[in-house]
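J.: Got a structure here, written out as structure tokens. Questions coming.
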Amino acid sequence: MLDPVITKLMADNPGAVVVLDVVSGKIVAQSNLQVAAERVTAPGSVVKPLVLLELLQSGKVAPEQHLVCHRTLTLAGKRMDCTHSPAITHLDAADALAYSCNSYFAQAAARLSPSELALAYEHAGFTARSGLAGDEAVGRIIPAGDLPHLQLQALGDWGVEVTPLELLAAYRNLAVHRLKGDLPAAAPVFDGLERSVQYGTAPTENGPAGITAAGKTGTAASATTPQTHGFFVGYAPADKPEIVMVVYLEHGHGSDAAAIAGPIFSAYNKERTSAR
């Protein structure tokens with residue numbers, strides 16, 4: 001059972017974990033479901049796969065097109081410098097996602113209009129209840145009034161607030177498409193999410209054992225406090241998803257959330273292996 005593993009991992013970590021079966025959409029394990037249902041907050045970089053999908057489907061970015069990472073980035077007076085290795089200077093779509101390159105996404109998002117980005121988030125379910133809990137809050141989207149705020153919104157740092165359950169539902173939708181293979185334009189998104197766990201923003205030393213996974217981290221601060229919170233949202237196995245998970249930590253960073261997700265994926269793999 002995953003619940004005891006999750007309980008132990010979350011013992012000193014305020015937040016929530018929810019794991020779904022990809023096919024049925026049913027909850028298979030959880031910790032603090034109501035927190036996941038009620039907390040509305042900035043998602044940070046976990047929205048980047050959804051932004052990239054919109055860019056690819058609309059033809060505004062080509063999968064193989066490389067953009068230069070300028071590393072330093074200030075948007076509307078806010079520093080959003082890239083944190084990946086400075087040796088990584090030119091990125092295609094998949095690696096931009098794997099390394100969570102703010103410079104790439106700020107440049108690419110400039111090709112979207114405010115209404116296009118807001119609609120992409122709405123289509124992802126960020127203003128609708130997931131149906132996974134009885135009493136859910138809903139996210140908020142504010143159309144950007146200028147380019148810097150549009151770019152911040154594409155980085156998940158302004159103008160978009162979601163619940164962990166809304167994020168989970170959006171990633172479950174990605175996992176279903178990955179399983180069915182019915183969304184060819186999303187191939188760089190799937191590749192980028194898998195590379196993120198392999199060598200990108202998710203820490204490999206705490207990665208899942210015996211099973212491939214795909215996912216994305218996010219770190220952000222709420223509008224009322226500089227204290228950061230962290231997300232990891234992802235699915236496993238990477239090529240044929242069976243489960244999808246959100247880890248939300250009220251205090252910390254996305255890497256902290258990924259460090260909790262790894263052992264949960266490993267425990268799931270142990271269960272599925274022993275059941276065969």
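Within each chain, counting starts at residue 1; across the structure tokens, chains are named A, B, ... in the order shown, with ligands numbered 1 upward in that order.
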Taking 3 positions as the minimum chain separation for residues in the same chain, which residues sit within 10 Å of Gly131 (chain A) when counting only C-alpha atoms? Answer as a PyMOL selection string.

T.: chain A and resi 25+37+128+134-136+165-166+169

J.: Quick one: residues within 8 Å of Val176 (chain A), only C-alpha atoms, excluding same-chain residues fewer than 4 positions away - as JSON, numbers by chain?

T.: {"A": [22, 23, 172, 180, 241]}

J.: Which is closer to Glu38 (chain A) than all the others in A:Pro143, A:Gly15, A:Pro4, A:Pro226, using only C-alpha atoms?

T.: A:Gly15

J.: In terms of the shortest atom-to-atom distance over only C-alpha atoms, which of A:Tyr248, A:Tyr171, A:Tyr199, A:Phe126 is closest to Arg39 (chain A)?

T.: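 Among the listed residues, the smallest separation from Arg39 (chain A) belongs to A:Tyr248.
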
J.: Give me the residues near region 47-61 of chain A as a count of residues only, where near means some atom within 6 Å (using only C-alpha atoms) and where sequence neighbours in that chain fewer than 4 positions away do not count.

T.: 4

J.: From the DSSP assignment of the backbone, select every residue of region 48-261 of chain A that is helix (DSSP H, G or I), and format the answer as a ChimeraX atom specification.

T.: /A:48-57,93-98,102-109,114-123,147-154,164-180,184-198,204-206,254-261

J.: Please identify all polymer residues within 9 Å of Leu75 (chain A), counting only C-alpha atoms, omitting same-chain residues fewer than 6 positions from it, and present them as a PyMOL selection string.

T.: chain A and resi 147-149+151-152

J.: What would the file look like if the residues just selected were written as a short mmCIF file (atom, residue, chain, number, x, y, z; two decimals), in the first residue's frame with C-alpha atoms?

T.:
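Saved to part31.cif:
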data_model
loop_
_atom_site.label_atom_id
_atom_site.label_comp_id
_atom_site.auth_asym_id
_atom_site.auth_seq_id
_atom_site.Cartn_x
_atom_site.Cartn_y
_atom_site.Cartn_z
CA LEU A 147 4.25 41.48 -22.48
CA PRO A 148 6.28 41.15 -19.24
CA HIS A 149 3.22 39.97 -17.32
CA GLN A 151 5.79 36.10 -19.88
CA LEU A 152 5.54 35.84 -16.09
#

J.: How far is it from CA of Leu97 (chain A) to CA of Gly192 (chain A), in Å with one decimal?

T.: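 So the answer is 5.1 Å.
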